[in-house]
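A.B. asks: My file is upload.cif. It has mmCIF, C-alpha atoms and all ligand atoms:
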```
data_run
#
loop_
_atom_site.label_atom_id
_atom_site.label_comp_id
_atom_site.auth_asym_id
_atom_site.auth_seq_id
_atom_site.Cartn_x
_atom_site.Cartn_y
_atom_site.Cartn_z
CA MET A 1 64.18 -22.35 108.91
CA THR A 2 61.16 -24.51 109.25
CA ILE A 3 58.55 -24.86 106.60
CA PRO A 4 55.30 -26.36 107.64
CA GLY A 5 54.83 -29.66 105.82
CA GLY A 6 51.28 -28.86 104.59
CA ASN A 7 52.29 -25.54 103.12
CA LYS A 8 55.24 -27.00 101.38
CA SER A 9 53.27 -29.54 99.45
CA LYS A 10 50.76 -26.88 98.53
CA GLU A 11 53.47 -24.69 97.19
CA ILE A 12 54.92 -27.57 95.24
CA GLN A 13 51.49 -28.27 93.97
CA THR A 14 51.12 -24.69 92.83
CA LEU A 15 54.55 -24.77 91.32
CA ILE A 16 53.72 -27.90 89.45
CA GLN A 17 50.48 -26.38 88.31
CA ASN A 18 52.29 -23.28 87.19
CA MET A 19 54.88 -25.32 85.44
CA GLU A 20 52.18 -27.26 83.67
CA ALA A 21 50.40 -24.09 82.71
CA PHE A 22 53.71 -22.71 81.51
CA ASN A 23 54.39 -25.90 79.59
CA GLU A 24 50.97 -25.69 78.04
CA VAL A 25 51.50 -22.11 77.01
CA THR A 26 54.93 -23.02 75.70
CA ALA A 27 53.42 -25.91 73.77
CA GLN A 28 50.74 -23.60 72.39
CA LEU A 29 53.37 -21.08 71.48
CA GLN A 30 55.43 -23.78 69.86
CA ASN A 31 52.34 -24.85 67.96
CA SER A 32 51.60 -21.35 66.86
CA TYR A 33 55.22 -20.90 65.94
CA ASP A 34 55.18 -24.13 63.96
CA GLU A 35 51.95 -23.09 62.32
CA LEU A 36 53.42 -19.72 61.52
CA GLN A 37 56.48 -21.31 60.10
CA GLU A 38 54.32 -23.61 58.07
CA ARG A 39 52.39 -20.62 56.72
CA VAL A 40 55.55 -18.68 55.98
CA LYS A 41 56.87 -21.71 54.16
CA LYS A 42 53.64 -21.96 52.24
CA LEU A 43 53.74 -18.27 51.44
CA ASP A 44 57.33 -18.64 50.37
CA LEU A 45 56.35 -21.46 48.08
CA GLU A 46 53.41 -19.51 46.74
CA LEU A 47 55.66 -16.54 46.17
CA SER A 48 58.23 -18.57 44.32
CA ASP A 49 55.42 -20.15 42.27
CA LYS A 50 54.13 -16.68 41.50
CA ASN A 51 57.64 -15.55 40.61
CA GLU A 52 58.10 -18.52 38.35
CA GLU A 53 54.76 -17.84 36.71
CA LEU A 54 55.69 -14.21 36.28
CA GLU A 55 59.01 -15.12 34.72
CA LYS A 56 57.26 -17.57 32.46
CA ASN A 57 54.79 -14.88 31.46
CA LEU A 58 57.58 -12.45 30.76
CA ALA A 59 59.50 -15.03 28.71
CA GLU A 60 56.31 -15.87 26.83
CA LYS A 61 55.66 -12.19 26.17
CA GLU A 62 59.23 -11.78 24.93
CA ARG A 63 58.85 -14.86 22.75
CA VAL A 64 55.60 -13.58 21.22
CA LYS A 65 57.17 -10.15 20.72
CA ASN A 66 60.19 -11.69 18.96
CA TYR A 67 57.94 -13.97 16.95
CA LEU A 68 55.81 -11.08 15.71
CA ASN A 69 58.93 -9.06 15.03
CA ASP A 70 60.45 -11.93 13.05
CA ILE A 71 57.28 -12.18 10.98
CA LEU A 72 57.36 -8.43 10.35
CA GLU A 73 61.02 -8.45 9.39
CA SER A 74 60.61 -11.45 7.09
CA GLN A 75 57.84 -9.78 5.10
CA THR A 76 58.71 -9.34 1.44
CA ASN A 77 56.48 -6.27 1.53
CA GLY A 78 57.51 -3.05 3.23
CA VAL A 79 55.49 -2.21 6.35
CA ILE A 80 55.25 1.28 7.86
CA VAL A 81 52.87 2.02 10.75
CA VAL A 82 52.09 5.55 11.91
CA ASP A 83 50.14 6.53 15.02
CA ARG A 84 47.22 8.96 15.08
CA LYS A 85 49.56 11.93 15.08
CA GLY A 86 51.29 10.64 11.97
CA ILE A 87 54.45 9.57 13.81
CA ILE A 88 56.19 6.46 12.48
CA THR A 89 56.09 3.71 15.12
CA THR A 90 56.89 0.58 13.12
CA TYR A 91 59.16 0.20 10.12
CA ASN A 92 60.40 -3.14 8.77
CA LYS A 93 63.53 -4.16 6.90
CA THR A 94 61.89 -4.37 3.45
CA ALA A 95 60.52 -0.83 3.88
CA GLY A 96 64.14 0.22 4.41
CA THR A 97 65.36 -1.64 1.33
CA LEU A 98 62.61 -0.22 -0.85
CA THR A 99 62.78 3.40 0.29
CA GLY A 100 66.49 3.58 0.99
CA ILE A 101 65.92 5.09 4.45
CA LYS A 102 67.22 3.32 7.58
CA PRO A 103 64.89 2.77 10.57
CA ARG A 104 67.02 5.18 12.63
CA GLY A 105 66.20 7.90 10.14
CA CYS A 106 62.46 7.63 10.48
CA LEU A 107 61.24 5.98 13.71
CA GLY A 108 59.74 8.69 15.92
CA LYS A 109 59.52 11.18 13.04
CA THR A 110 56.38 12.12 11.14
CA LEU A 111 55.47 10.46 7.86
CA GLU A 112 55.14 13.90 6.24
CA GLU A 113 58.70 14.80 7.07
CA VAL A 114 60.35 11.48 6.05
CA PHE A 115 58.07 10.36 3.20
CA PRO A 116 56.19 13.38 1.85
CA LEU A 117 55.29 11.15 -1.13
CA PHE A 118 53.06 8.96 1.07
CA GLY A 119 51.36 11.84 2.89
CA PRO A 120 48.47 12.32 0.42
CA ILE A 121 47.44 8.66 0.55
CA VAL A 122 47.01 8.83 4.34
CA THR A 123 44.95 11.99 3.94
CA ARG A 124 42.85 10.29 1.26
CA LEU A 125 42.33 7.32 3.58
CA GLY A 126 40.94 9.70 6.21
CA ASN A 127 38.45 11.04 3.66
CA ASN A 128 37.55 7.57 2.48
CA ARG A 129 35.89 6.42 5.69
CA GLY A 130 38.70 4.03 6.45
CA GLU A 131 38.43 1.78 3.38
CA THR A 132 41.83 0.49 2.20
CA ILE A 133 43.19 2.49 -0.72
CA SER A 134 46.16 1.88 -3.04
CA GLU A 135 48.33 4.09 -5.20
CA ASP A 136 51.29 3.32 -7.46
CA LYS A 137 54.45 5.37 -6.93
CA ASP A 138 57.85 5.54 -8.57
CA ILE A 139 60.65 5.62 -6.00
CA ARG A 140 64.40 5.14 -5.92
CA SER A 141 65.58 2.19 -3.80
CA ALA A 142 68.50 1.88 -1.38
CA ASN A 143 70.79 0.66 -4.16
CA GLY A 144 69.75 3.37 -6.58
CA GLU A 145 67.29 1.31 -8.62
CA ASP A 146 64.14 3.00 -9.92
CA LEU A 147 61.26 1.01 -8.50
CA HIS A 148 57.58 0.94 -9.13
CA VAL A 149 55.86 0.44 -5.78
CA ARG A 150 52.21 -0.12 -4.90
CA VAL A 151 51.37 1.62 -1.61
CA SER A 152 48.24 0.42 0.22
CA ALA A 153 46.99 2.30 3.27
CA SER A 154 44.57 0.85 5.83
CA PRO A 155 43.51 2.01 9.27
CA VAL A 156 44.76 0.17 12.38
CA TRP A 157 41.96 -0.45 14.92
CA ASP A 158 42.33 -1.30 18.62
CA ASN A 159 40.03 -3.94 20.18
CA HIS A 160 37.50 -1.28 21.19
CA GLY A 161 37.08 -0.22 17.58
CA GLY A 162 39.02 3.02 17.84
CA GLN A 163 41.53 3.96 15.14
CA ILE A 164 45.00 4.03 16.63
CA GLY A 165 46.94 4.65 13.45
CA THR A 166 47.50 3.77 9.82
CA ILE A 167 49.42 0.90 8.23
CA LEU A 168 51.13 1.34 4.87
CA ILE A 169 52.11 -1.75 2.87
CA LEU A 170 54.68 -1.21 0.12
CA GLN A 171 54.75 -3.84 -2.62
CA ASP A 172 57.49 -3.89 -5.25
CA MET A 173 55.66 -4.13 -8.60
CA THR A 174 58.65 -3.29 -10.83
CA GLU A 175 59.13 -6.75 -12.29
CA PHE A 176 55.39 -7.29 -12.61
CA ARG A 177 54.93 -4.02 -14.48
CA ARG A 178 57.89 -4.78 -16.72
CA MET A 179 56.34 -8.13 -17.65
CA GLU A 180 52.98 -6.48 -18.21
CA GLU A 181 54.55 -3.95 -20.58
CA PHE A 182 56.40 -6.75 -22.35
CA ALA A 183 53.15 -8.69 -22.83
CA GLN A 184 51.36 -5.61 -24.20
CA ARG A 185 54.23 -4.90 -26.55
CA ASN A 186 54.17 -8.54 -27.71
CA GLN A 187 50.50 -8.31 -28.51
CA ARG A 188 50.96 -5.05 -30.43
CA LEU A 189 53.91 -6.41 -32.40
CA ARG A 190 52.11 -9.64 -33.20
CA GLU A 191 49.23 -7.69 -34.73
CA MET A 192 51.64 -5.48 -36.66
CA GLY A 193 53.52 -8.58 -37.81
CA GLU A 194 50.40 -10.19 -39.19
CA MET A 195 49.50 -7.04 -41.05
CA ALA A 196 53.05 -6.62 -42.38
CA ALA A 197 53.16 -10.21 -43.60
CA GLY A 198 49.88 -9.67 -45.47
CA ILE A 199 51.10 -6.50 -47.14
CA ALA A 200 54.49 -8.00 -47.99
CA HIS A 201 52.91 -10.92 -49.82
CA GLU A 202 50.56 -8.58 -51.69
CA ILE A 203 53.50 -6.43 -52.82
CA ARG A 204 55.80 -9.29 -53.75
CA ASN A 205 53.62 -10.46 -56.65
CA PRO A 206 53.36 -7.16 -58.57
CA LEU A 207 57.03 -6.58 -57.74
CA GLY A 208 57.87 -9.83 -59.49
CA SER A 209 55.95 -8.66 -62.57
CA ILE A 210 57.75 -5.30 -62.60
CA GLU A 211 61.09 -7.08 -62.39
CA LEU A 212 60.12 -9.39 -65.25
CA PHE A 213 58.88 -6.58 -67.50
CA ALA A 214 61.94 -4.48 -66.73
CA SER A 215 64.25 -7.31 -67.80
CA LEU A 216 62.23 -7.75 -71.04
CA LEU A 217 62.35 -4.01 -71.63
CA ILE A 218 66.10 -3.83 -71.14
CA LYS A 219 66.57 -6.50 -73.81
CA ASP A 220 64.43 -4.44 -76.23
CA LEU A 221 66.39 -1.30 -75.47
CA GLU A 222 69.80 -2.80 -76.18
CA GLY A 223 71.98 -0.07 -77.67
CA ASP A 224 70.03 2.85 -76.22
CA THR A 225 72.20 3.47 -73.16
CA GLU A 226 70.17 6.39 -71.86
CA LYS A 227 66.91 4.43 -71.77
CA GLU A 228 68.75 1.34 -70.54
CA ASN A 229 69.96 3.35 -67.55
CA LEU A 230 66.42 4.42 -66.75
CA VAL A 231 65.30 0.79 -66.68
CA LYS A 232 68.30 -0.09 -64.51
CA HIS A 233 66.99 2.51 -62.03
CA ILE A 234 63.69 0.65 -61.99
CA GLN A 235 65.49 -2.66 -61.39
CA ALA A 236 67.56 -1.19 -58.52
CA GLY A 237 64.40 0.19 -56.95
CA VAL A 238 62.70 -3.20 -57.24
CA GLN A 239 65.70 -4.94 -55.65
CA ASN A 240 65.69 -2.44 -52.83
CA MET A 241 62.01 -3.01 -52.18
CA ASP A 242 62.53 -6.76 -52.32
CA ARG A 243 65.25 -6.48 -49.68
CA ILE A 244 62.99 -4.45 -47.43
CA ILE A 245 60.22 -7.00 -47.86
CA SER A 246 62.57 -9.87 -47.01
CA THR A 247 63.56 -8.10 -43.79
CA LEU A 248 59.94 -7.35 -43.09
CA LEU A 249 59.04 -11.00 -43.50
CA LEU A 250 61.86 -11.87 -41.13
CA PHE A 251 60.07 -9.73 -38.57
CA ALA A 252 56.62 -10.99 -39.47
CA LYS A 253 57.32 -14.70 -39.32
CA SER A 254 57.80 -15.92 -35.80
CA ALA A 255 61.35 -17.08 -35.24
CA GLN A 256 61.81 -20.75 -34.34
CA PRO A 257 64.96 -21.04 -32.27
CA SER A 258 66.58 -24.44 -32.22
CA ARG A 259 67.63 -25.81 -28.85
CA GLN A 260 71.35 -25.10 -28.63
CA GLN A 261 73.98 -24.25 -26.08
CA CYS A 262 75.06 -20.74 -26.89
CA ASP A 263 78.14 -19.28 -25.20
CA ILE A 264 77.13 -15.64 -24.85
CA ASN A 265 80.58 -14.22 -24.06
CA SER A 266 82.12 -15.75 -27.16
CA LEU A 267 79.15 -14.61 -29.27
CA LEU A 268 79.68 -11.02 -28.14
CA THR A 269 83.40 -11.19 -28.81
CA GLU A 270 82.60 -12.45 -32.29
CA CYS A 271 80.15 -9.56 -32.78
CA LEU A 272 82.76 -7.00 -31.75
CA GLU A 273 85.18 -8.54 -34.19
CA GLY A 274 82.87 -7.59 -36.99
CA ILE A 275 79.96 -9.79 -37.98
CA ASN A 276 76.89 -8.20 -39.61
CA ASN A 277 78.68 -4.94 -40.48
CA VAL A 278 79.71 -4.15 -36.93
CA ARG A 279 82.51 -1.61 -37.03
CA ILE A 280 83.59 0.21 -33.92
CA PRO A 281 85.12 3.63 -34.74
CA GLU A 282 88.35 4.74 -33.07
CA ASN A 283 86.62 7.36 -30.92
CA ILE A 284 84.52 4.74 -29.15
CA ASN A 285 85.98 3.06 -26.13
CA VAL A 286 84.66 -0.48 -25.59
CA ILE A 287 84.45 -1.80 -22.04
CA ARG A 288 83.67 -5.48 -21.56
CA LYS A 289 82.60 -6.84 -18.20
CA TYR A 290 81.91 -10.47 -18.86
CA GLY A 291 80.55 -12.77 -16.16
CA GLN A 292 82.93 -15.49 -14.92
CA GLY A 293 83.33 -18.69 -16.92
CA THR A 294 81.24 -19.73 -19.86
CA LEU A 295 77.76 -18.30 -19.72
CA LEU A 296 75.66 -20.79 -21.63
CA ALA A 297 72.27 -19.64 -22.77
CA ASN A 298 69.58 -21.80 -24.25
CA GLY A 299 69.78 -19.99 -27.53
CA ASP A 300 69.96 -20.34 -31.26
CA ARG A 301 73.34 -18.90 -32.16
CA GLU A 302 72.34 -17.98 -35.71
CA LEU A 303 69.29 -16.07 -34.54
CA LEU A 304 71.12 -14.35 -31.70
CA ARG A 305 73.78 -13.24 -34.17
CA GLN A 306 71.11 -10.92 -35.56
CA VAL A 307 70.27 -9.40 -32.19
CA PHE A 308 73.55 -8.26 -30.61
CA PRO A 309 75.14 -6.72 -33.74
CA ASN A 310 71.99 -4.64 -34.09
CA LEU A 311 72.20 -3.42 -30.49
CA ILE A 312 75.91 -2.66 -30.91
CA ASN A 313 75.34 -0.85 -34.23
CA ASN A 314 72.53 1.21 -32.73
CA ALA A 315 74.80 2.17 -29.82
CA VAL A 316 77.62 3.14 -32.20
CA GLN A 317 75.22 5.18 -34.35
CA ALA A 318 73.99 6.97 -31.22
CA MET A 319 77.55 8.16 -30.49
CA PRO A 320 78.59 10.12 -33.62
CA ASP A 321 81.14 12.06 -31.56
CA GLY A 322 82.49 9.01 -29.78
CA GLY A 323 81.89 7.75 -26.26
CA VAL A 324 81.87 4.56 -24.23
CA LEU A 325 80.20 1.33 -25.25
CA SER A 326 79.97 -1.20 -22.44
CA LEU A 327 78.94 -4.80 -22.64
CA ILE A 328 78.10 -6.54 -19.39
CA THR A 329 77.11 -10.18 -19.09
CA GLU A 330 76.04 -12.02 -15.96
CA LYS A 331 73.89 -14.80 -14.61
CA SER A 332 70.78 -13.53 -12.89
CA SER A 333 67.60 -15.01 -11.55
CA VAL A 334 64.17 -13.60 -12.07
CA SER A 335 60.90 -14.66 -10.48
CA ALA A 336 58.81 -16.36 -13.09
CA SER A 337 55.67 -14.97 -11.45
CA PRO A 338 56.55 -11.79 -9.62
CA GLU A 339 53.20 -11.55 -7.85
CA ASN A 340 53.96 -14.42 -5.51
CA GLY A 341 57.72 -14.24 -5.87
CA SER A 342 57.94 -18.02 -6.02
CA THR A 343 59.80 -19.95 -8.73
CA LYS A 344 63.00 -18.27 -9.78
CA ARG A 345 64.45 -18.88 -13.23
CA GLN A 346 68.06 -18.49 -14.18
CA TYR A 347 68.87 -16.14 -17.02
CA ILE A 348 71.92 -14.89 -18.81
CA SER A 349 71.59 -11.16 -18.98
CA VAL A 350 73.44 -8.99 -21.46
CA THR A 351 73.49 -5.22 -21.04
CA VAL A 352 74.62 -3.00 -23.92
CA THR A 353 75.10 0.57 -22.74
CA ASP A 354 76.17 3.65 -24.67
CA THR A 355 76.91 7.22 -23.67
CA GLY A 356 75.21 8.55 -26.78
CA LEU A 357 72.28 10.75 -27.72
CA GLY A 358 69.65 8.87 -25.72
CA MET A 359 65.95 9.06 -26.55
CA SER A 360 62.92 11.04 -25.50
CA PRO A 361 60.31 9.10 -23.49
CA ASP A 362 57.97 9.45 -26.48
CA ASN A 363 60.41 7.73 -28.80
CA LEU A 364 61.41 5.12 -26.24
CA VAL A 365 57.93 3.55 -26.27
CA LYS A 366 58.04 3.18 -30.06
CA ILE A 367 61.49 1.71 -30.68
CA PHE A 368 60.28 -1.89 -30.99
CA ASN A 369 57.60 -0.99 -33.53
CA PRO A 370 58.47 -2.07 -37.08
CA PHE A 371 59.52 0.87 -39.27
CA PHE A 372 60.06 3.21 -36.38
CA THR A 373 63.34 4.95 -37.17
CA THR A 374 64.87 8.35 -36.56
CA LYS A 375 67.69 7.72 -39.03
CA ASP A 376 67.82 8.90 -42.65
CA LYS A 377 68.88 5.48 -43.85
CA GLY A 378 67.31 3.44 -41.08
CA THR A 379 64.86 0.62 -41.72
CA GLY A 380 63.35 0.67 -38.26
CA LEU A 381 63.27 -3.11 -38.31
CA GLY A 382 66.37 -3.97 -36.28
CA LEU A 383 64.77 -3.79 -32.86
CA ALA A 384 61.44 -5.20 -34.04
CA ILE A 385 63.27 -8.30 -35.32
CA SER A 386 65.46 -8.49 -32.22
CA HIS A 387 62.38 -8.35 -30.04
CA ASN A 388 60.82 -11.18 -32.01
CA ILE A 389 63.90 -13.35 -31.69
CA ILE A 390 64.29 -12.77 -27.96
CA LYS A 391 60.60 -13.42 -27.37
CA ALA A 392 60.91 -16.73 -29.26
CA HIS A 393 63.71 -17.63 -26.83
CA GLN A 394 61.33 -16.97 -23.92
CA GLY A 395 63.52 -14.10 -22.90
CA THR A 396 63.00 -10.39 -22.48
CA ILE A 397 64.48 -7.23 -23.98
CA ASP A 398 64.16 -3.81 -22.37
CA ALA A 399 65.62 -0.36 -22.75
CA VAL A 400 66.18 2.59 -20.45
CA SER A 401 67.34 5.87 -21.88
CA GLU A 402 67.96 9.44 -20.93
CA GLU A 403 68.14 12.15 -23.56
CA GLY A 404 71.64 13.52 -23.90
CA LYS A 405 73.10 10.89 -21.56
CA GLY A 406 72.76 7.51 -23.20
CA THR A 407 70.85 4.31 -23.52
CA SER A 408 71.03 0.86 -22.00
CA PHE A 409 69.49 -2.27 -23.47
CA THR A 410 69.13 -5.40 -21.34
CA VAL A 411 68.48 -8.79 -22.91
CA LYS A 412 67.69 -11.80 -20.74
CA ILE A 413 67.81 -15.32 -22.18
CA PRO A 414 67.12 -18.50 -20.19
CA CYS A 415 70.19 -20.44 -19.08
CA TRP A 416 71.06 -23.68 -20.78
CA ASP A 417 70.55 -25.86 -17.69
CA GLU A 418 66.93 -24.75 -17.45
CA GLY A 419 64.25 -27.08 -18.81
CA PHE A 420 63.45 -25.37 -22.08
CA ASP A 421 59.81 -25.27 -22.94
CA GLU A 422 59.62 -25.56 -26.71
CA LYS A 423 56.04 -24.40 -27.02
P1 LIG B 1 67.16 1.59 -37.15
O1 LIG B 1 68.47 1.39 -36.47
O2 LIG B 1 67.13 1.09 -38.55
O3 LIG B 1 66.65 3.00 -37.05
P2 LIG B 1 66.16 0.01 -35.00
O4 LIG B 1 64.92 -0.81 -34.88
O5 LIG B 1 67.44 -0.67 -34.80
O6 LIG B 1 66.08 0.68 -36.42
O7 LIG B 1 66.05 1.24 -34.01
C1 LIG B 1 64.88 2.03 -34.02
C2 LIG B 1 65.13 3.41 -33.45
O8 LIG B 1 65.39 3.30 -32.06
C3 LIG B 1 66.36 4.13 -33.98
O9 LIG B 1 66.08 4.79 -35.19
C4 LIG B 1 66.66 5.09 -32.86
O10 LIG B 1 65.83 6.22 -32.92
C5 LIG B 1 66.27 4.32 -31.64
N1 LIG B 1 67.44 3.71 -30.98
C6 LIG B 1 67.76 2.40 -30.98
N2 LIG B 1 68.88 2.19 -30.26
C7 LIG B 1 69.28 3.39 -29.81
C8 LIG B 1 70.37 3.84 -28.99
N3 LIG B 1 71.30 2.99 -28.52
N4 LIG B 1 70.44 5.17 -28.69
C9 LIG B 1 69.51 6.01 -29.16
N5 LIG B 1 68.47 5.66 -29.92
C10 LIG B 1 68.34 4.37 -30.26
MG MG B 2 69.25 -0.55 -35.94
#
```
Let me see the structure of the file written as structure tokens.
Ligand code: ADP
Ligand code: MG

C.D. replies:
Amino acid sequence: MTIPGGNKSKEIQTLIQNMEAFNEVTAQLQNSYDELQERVKKLDLELSDKNEELEKNLAEKERVKNYLNDILESQTNGVIVVDRKGIITTYNKTAGTLTGIKPRGCLGKTLEEVFPLFGPIVTRLGNNRGETISEDKDIRSANGEDLHVRVSASPVWDNHGGQIGTILILQDMTEFRRMEEFAQRNQRLREMGEMAAGIAHEIRNPLGSIELFASLLIKDLEGDTEKENLVKHIQAGVQNMDRIISTLLLFAKSAQPSRQQCDINSLLTECLEGINNVRIPENINVIRKYGQGTLLANGDRELLRQVFPNLINNAVQAMPDGGVLSLITEKSSVSASPENGSTKRQYISVTVTDTGLGMSPDNLVKIFNPFFTTKDKGTGLGLAISHNIIKAHQGTIDAVSEEGKGTSFTVKIPCWDEGFDEK
């Protein structure tokens, strides 16, 4: 086959041109491909950046959520949040400790059904145009303690100003109220003490004269036994009054405890063995639960020897048909200022419990008053004096009682290792 030379070179030319065109297209394609790859790579990078950012955001959100949750759970106040329908959405640990109900038992349920006690305050809040309101309630805690709780209700607003629910803050005011009552009682007893001291001094002088004249009279009446006996009655009466006045003055003058280490367990044992007329009848069973080791209080042994026998005698007298007398001692700490819950002080606490007659609430508020007695031969000064002595030790004394069930007295005295403020 013959190919004409001119044609051949033309064809080659065309072929070359085509090849070049093809190469160019290929190069363009390659370029586009490279560009595409570059863009995909960039997109990939952007995507992974976005992913990373997203993960970071999620982690941050989780961290903030945990942080807020930790704050909520560390609150010493109980927090309960309900939504607009009254359903409990938030409930912290302290709320559980105070009310005795676990979160499982209330989240998702209505406030009315779990805490009917708090229902009225939320209703009142609604009628009060959203201003925070507070009420004090008596509740029983998780460990069976009777607590005095301040419940404050406030509305929860969203950032558009709409109310999305109600927040209830529960604050344990038990210790605070106890201290308040103690302070009021102190004030009342101090005033009574001042008055009693005044009267006692006024009576002592004429009493001295009566005693003197009676002794002169008895000398004159020597031989007349009948009349002598009458005068002896006068003398006995005078002595009796003098004894009452001495006890009264003991209450009226403020006790000055000396700074001593006082081993409370051994003091109680000594009391049970019979100081100050303590006698435990056969039909009373004594249970002692003494705290481990030596419990040293910062206390004047001589003064405290007047307190515990009186509590034990009262308990025995409250159980004419027998029963159980228990004495419990332990170390405990109490917040010095319960409002902010800060500084804790160490105390030795002594609880004297009987299963006796108990007292009515009306009587219970009067037991520390001088001369309050329900006994035929009572002086009504035992607890008034005990209160004075414990107060002088910077301690506290309290009673709880239920009629027909029994009574429990708790005395708290600062521990020896505490810095004792001798004001
Ligand atoms: P007193 O024993 O002379 O009556 P107290 O000051 O010791 O005086 O007690 C005052 C009153 O408190 C008693 O008369 C009694 O009514 C009541 N009381 C004290 N302790 C108890 C107790 N453990 N159980 C019941 N009542 C008590
Ligand atoms: Mg008594």

A.B. asks: Could you produce a table of the residues of chain A lying within 7 Å of ligand LIG 1 (chain B), with the nearest pair of atoms per residue and their separation in Å rounded to one decimal, using only C-alpha atoms and all ligand atoms, ordered by chain and increasing residue number, as a Markdown table?

C.D. replies:
```
| residue | atom | partner | partner_atom | distance |
| --- | --- | --- | --- | --- |
| A:Asn310 | CA | B:LIG1 | O5 | 6.1 |
| A:Leu311 | CA | B:LIG1 | N2 | 6.5 |
| A:Asn314 | CA | B:LIG1 | N2 | 4.5 |
| A:Ala315 | CA | B:LIG1 | N3 | 3.8 |
| A:Ala318 | CA | B:LIG1 | N4 | 4.7 |
| A:Asp354 | CA | B:LIG1 | N3 | 6.2 |
| A:Gly356 | CA | B:LIG1 | N4 | 6.2 |
| A:Leu357 | CA | B:LIG1 | C9 | 5.7 |
| A:Gly358 | CA | B:LIG1 | C9 | 4.5 |
| A:Met359 | CA | B:LIG1 | C9 | 5.4 |
| A:Asn363 | CA | B:LIG1 | O10 | 7.0 |
| A:Ile367 | CA | B:LIG1 | O8 | 4.4 |
| A:Phe368 | CA | B:LIG1 | O4 | 6.2 |
| A:Pro370 | CA | B:LIG1 | O4 | 6.9 |
| A:Phe372 | CA | B:LIG1 | C1 | 5.5 |
| A:Thr373 | CA | B:LIG1 | O9 | 3.4 |
| A:Thr374 | CA | B:LIG1 | O9 | 4.0 |
| A:Lys375 | CA | B:LIG1 | O9 | 5.1 |
| A:Gly378 | CA | B:LIG1 | O2 | 3.5 |
| A:Thr379 | CA | B:LIG1 | O2 | 3.9 |
| A:Gly380 | CA | B:LIG1 | O6 | 3.3 |
| A:Leu381 | CA | B:LIG1 | O4 | 4.4 |
| A:Gly382 | CA | B:LIG1 | O4 | 3.7 |
| A:Leu383 | CA | B:LIG1 | O4 | 3.6 |
| A:Ala384 | CA | B:LIG1 | O4 | 5.7 |
| A:Gly406 | CA | B:LIG1 | N4 | 6.4 |
| A:Thr407 | CA | B:LIG1 | N3 | 5.2 |
| A:Ser408 | CA | B:LIG1 | N3 | 6.9 |
```

A.B. asks: Quick one: of A:Arg84, A:Asn69, A:Leu295, A:Thr110, who's nearest to Trp157 in chain A, counting only C-alpha atoms?

C.D. replies: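 Among A:Arg84, A:Asn69, A:Leu295, A:Thr110, it is A:Arg84 that comes nearest to Trp157 in chain A.
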
A.B. asks: From the list A:Leu268, A:Asp398, A:Leu29, A:Gln260, which residue is nearest Arg178 in chain A when using all atoms listed in the file?

C.D. replies: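 Among the listed residues, A:Asp398 lies closest to Arg178 in chain A.
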
A.B. asks: With distances taken over all atoms listed in the file, which of A:Ile218, A:Val316, A:Ile121, A:Leu43 is nearest to ligand MG 2 (chain B)?

C.D. replies: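 The shortest atom-to-atom distance to ligand MG 2 (chain B) comes from A:Val316.
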
A.B. asks: Any idea what the distance is between CA of Asn186 in chain A and CA of Ala255 in chain A?

C.D. replies: 13.5 Å

A.B. asks: Residues within 9 Å of Asn92 in chain A, please, as a ChimeraX atom specification. Count only C-alpha atoms; anything in the same chain fewer than 6 positions from it doesn't count.

C.D. replies: /A:69,72-75,77-80,103

A.B. asks: Selection from above, C-alpha atoms, as a compact mmCIF listing (two decimals), in the coordinates of the input, can you write it?

C.D. replies:
```txt
# COMPACT_ATOMS: atom_id res chain seq x y z
CA ASN A 69 58.93 -9.06 15.03
CA LEU A 72 57.36 -8.43 10.35
CA GLU A 73 61.02 -8.45 9.39
CA SER A 74 60.61 -11.45 7.09
CA GLN A 75 57.84 -9.78 5.10
CA ASN A 77 56.48 -6.27 1.53
CA GLY A 78 57.51 -3.05 3.23
CA VAL A 79 55.49 -2.21 6.35
CA ILE A 80 55.25 1.28 7.86
CA PRO A 103 64.89 2.77 10.57
```

A.B. asks: For Thr166 in chain A, which residue among A:Ile88, A:Ala252, A:Ala236, A:Leu221 is the nearest when counting only C-alpha atoms?

C.D. replies: A:Ile88

A.B. asks: Please determine, counting all atoms listed in the file, which residue among A:Ile101, A:Ile385, A:Leu117, A:Leu54 has the shortest atom-to-atom distance to ligand MG 2 (chain B).

C.D. replies: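 Nearest to ligand MG 2 (chain B): A:Ile385.
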
A.B. asks: Which residues come within 9 Å of Gly323 in chain A, counting all atoms listed in the file, excluding same-chain residues fewer than 2 positions away, as an MDAnalysis selection string?

C.D. replies: chainID A and resid 283:286 316 319:321 325 354:356

A.B. asks: Please determine, counting only C-alpha atoms and all ligand atoms, which residue among A:Glu403, A:Glu112, A:Asp300, A:Asp376 has the shortest atom-to-atom distance to ligand MG 2 (chain B).

C.D. replies: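 Distance minimum relative to ligand MG 2 (chain B) lands on A:Asp376.
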
A.B. asks: Might you pull out every residue within 10 Å of His201 in chain A, with all atoms listed in the file counted and same-chain residues fewer than 6 positions away left off, and present them as JSON, numbers by chain?

C.D. replies: {"A": [207, 245, 249]}

A.B. asks: Rounded to one decimal, what separation in Å do you get between CA of Ser246 in chain A and CA of Asp362 in chain A?

C.D. replies: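 Taking CA of Ser246 in chain A and CA of Asp362 in chain A, their separation equals 28.6 Å.
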
A.B. asks: Separation of CA of His393 in chain A and CA of Ile413 in chain A, in Å?

C.D. replies: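 One can read the CA of His393 in chain A to CA of Ile413 in chain A distance as 6.6 Å.
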